[in-house]
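Student: Got a structure for you, written out below as structure tokens; questions coming shortly.
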Protein chains: 2
Amino acid sequence: MEFRIRGVGVIHTCHATKDETPVQGAFQPDAVGTVELFPEFAPGLKDIEMFSHLILLYHFDRAGKVELVREPFLDDTPHGIFATRHPCRPNSIGISTVRLLGREGNILKVGGIDVLDGTPLIDIKPYVPRFDSFPDASEGWFAGKKNRAKPPGRE
Amino acid sequence: MEFRIRGVGVIHTCHATKDETPVQGAFQPDAVGTVELFPEFAPGLKDIEMFSHLILLYHFDRAGKVELVREPFLDDTPHGIFATRHPCRPNSIGISTVRLLGREGNILKVGGIDVLDGTPLIDIKPYVPRFDSFPDASEGWFAGKKNRAKPPGRE
């Protein structure tokens, strides 16, 4: 099974390099960016302002080689790539939930953004707590892991 | 910007037709299915059992024509496609958070699954409440919308 993805926009952020890009938006909730939808897709934004949070899907376009078992950013023990959020994964798609701060035409202003500047946007979905919020889910190996600088060589 | 997606597995469920597939997993939390990873990707599952919830990314492989503004399943008012979770969207990728019930080798047993039987799997990510749970997010137009049968012709 194969199919082709075409970007629907670009995410602009203050994160110019991988090292300065936060591991997760939760670690830098004040990071503000803009999501620029290509004009032909702008009609699809109708009523987006009704939502406080959005789920962005995007292409990890500068990710390195896929490794199925590897050290992630927040731990020095290797885990399976599907038990991590690391970018070097099959199909190189990332997801992030961001706060919607405002909209001007085809441009959304968002908070808590954790992606590299210039990242290609694949999709936007409304975050709906009834469907997406599971506050009692386990943290797995993330439990107790605090934010830290990305160790060298982790991509 | 274009890139190619290759399935990493198949999702098996009891939902054989679109009509009987729940609109969201939250509406049928007891629906159990299996996520079969192709054997070459199985090493990437190491430590997945540490998580109670997983985010599945999959291909809406039987979705109809993309419409940028349309009636979704739960409302009779048209909304922009990016303000809905409807399958008929650019890039036809769906996401669902499911409960992990067990694992046997490259097969995961999951609960609360809301996808059609045979859906191609694109990615699995661990659900981490610190990063993914926003219980106070607004519900947008979903507020007060209860589960219902999919209206005819909604795809």
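Following the order of the structure tokens, first chain is A, next is B, and so on, with residues numbered from 1 inside each chain and ligands from 1 in the order they appear.
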For chain A, which residues have at least one atom within 6 Å of chain B, if we go by only C-alpha atoms? Write them as an MDAnalysis selection string, please.
Tutor: chainID A and resid 1:7 26 44:46 48 50:52 68:69 79:83 91 124:126 128:129 131 133:135 137:140
Student: Those selected residues, please, written with C-alpha atoms and delivered as a CSV table (one decimal), in the first residue's frame.
Tutor:
```
chain,number,residue,atom,x,y,z
A,1,MET,CA,0.0,0.0,0.0
A,2,GLU,CA,1.4,3.3,-1.1
A,3,PHE,CA,0.0,6.8,-1.6
A,4,ARG,CA,1.2,10.3,-2.2
A,5,ILE,CA,1.0,13.2,0.3
A,6,ARG,CA,0.9,16.8,-0.9
A,7,GLY,CA,1.5,19.6,1.5
A,26,ALA,CA,4.3,21.4,26.5
A,44,GLY,CA,-11.5,24.4,4.4
A,45,LEU,CA,-10.8,26.7,7.4
A,46,LYS,CA,-14.5,27.8,7.8
A,48,ILE,CA,-12.0,26.8,12.7
A,50,MET,CA,-14.7,27.8,17.1
A,51,PHE,CA,-11.9,25.6,18.5
A,52,SER,CA,-9.4,26.5,21.1
A,68,LEU,CA,13.4,1.1,14.5
A,69,VAL,CA,15.0,1.0,18.0
A,79,HIS,CA,12.9,2.2,22.8
A,80,GLY,CA,11.0,1.0,19.8
A,81,ILE,CA,10.3,4.0,17.5
A,82,PHE,CA,6.5,3.4,17.9
A,83,ALA,CA,6.9,3.8,21.6
A,91,ASN,CA,6.5,7.7,7.1
A,124,ILE,CA,-5.3,20.3,10.5
A,125,LYS,CA,-7.9,18.6,12.7
A,126,PRO,CA,-10.0,20.1,15.5
A,128,VAL,CA,-12.2,17.7,20.7
A,129,PRO,CA,-11.7,16.7,24.4
A,131,PHE,CA,-12.5,12.2,21.5
A,133,SER,CA,-8.4,13.9,26.0
A,134,PHE,CA,-7.4,10.9,28.2
A,135,PRO,CA,-5.9,12.6,31.3
A,137,ALA,CA,-3.6,7.5,30.3
A,138,SER,CA,-0.3,6.1,31.5
A,139,GLU,CA,2.9,8.0,30.8
A,140,GLY,CA,5.0,4.8,29.9
```
Student: From a DSSP pass on the backbone, collect the residues of stretch 57-109 of chain B flagged as strand (DSSP E) and hand them back as a list in words.
Tutor: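 Output for stretch 57-109 of chain B, strand (DSSP E) only: Leu57, Tyr58, His59, Val69, Arg70, His79, Gly80, Ile93, Gly94, Ile95, Ser96, Thr97, Val98, Arg99, Leu100, Leu101, Gly102, Arg103, Glu104, Ile107, Leu108 and Lys109 of chain B.
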Student: Would you pick out the contacts of stretch 114-117 of chain A at 7 Å or less, using only C-alpha atoms, so that residues sharing its chain but fewer than 4 positions from it are not included, and give the list as a ChimeraX atom specification?
Tutor: /A:11-18,21-25
Student: Closest to B:Gly144 among B:Asp30, B:Ile107, B:Leu101, B:Leu74, using only C-alpha atoms?
Tutor: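 Using only C-alpha atoms, B:Gly144 sits closest to B:Leu74.
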Student: How many Å separate atom CA of B:Lys109 from atom CA of B:Val32?
Tutor: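 Atom CA of B:Val32 lies 7.2 Å from atom CA of B:Lys109.
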Student: Could you state the separation of atom CA of A:Gly33 and atom CA of A:Pro72 in Å, given to one decimal place?
Tutor: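 Going from atom CA of A:Gly33 over to atom CA of A:Pro72, I get 24.7 Å.
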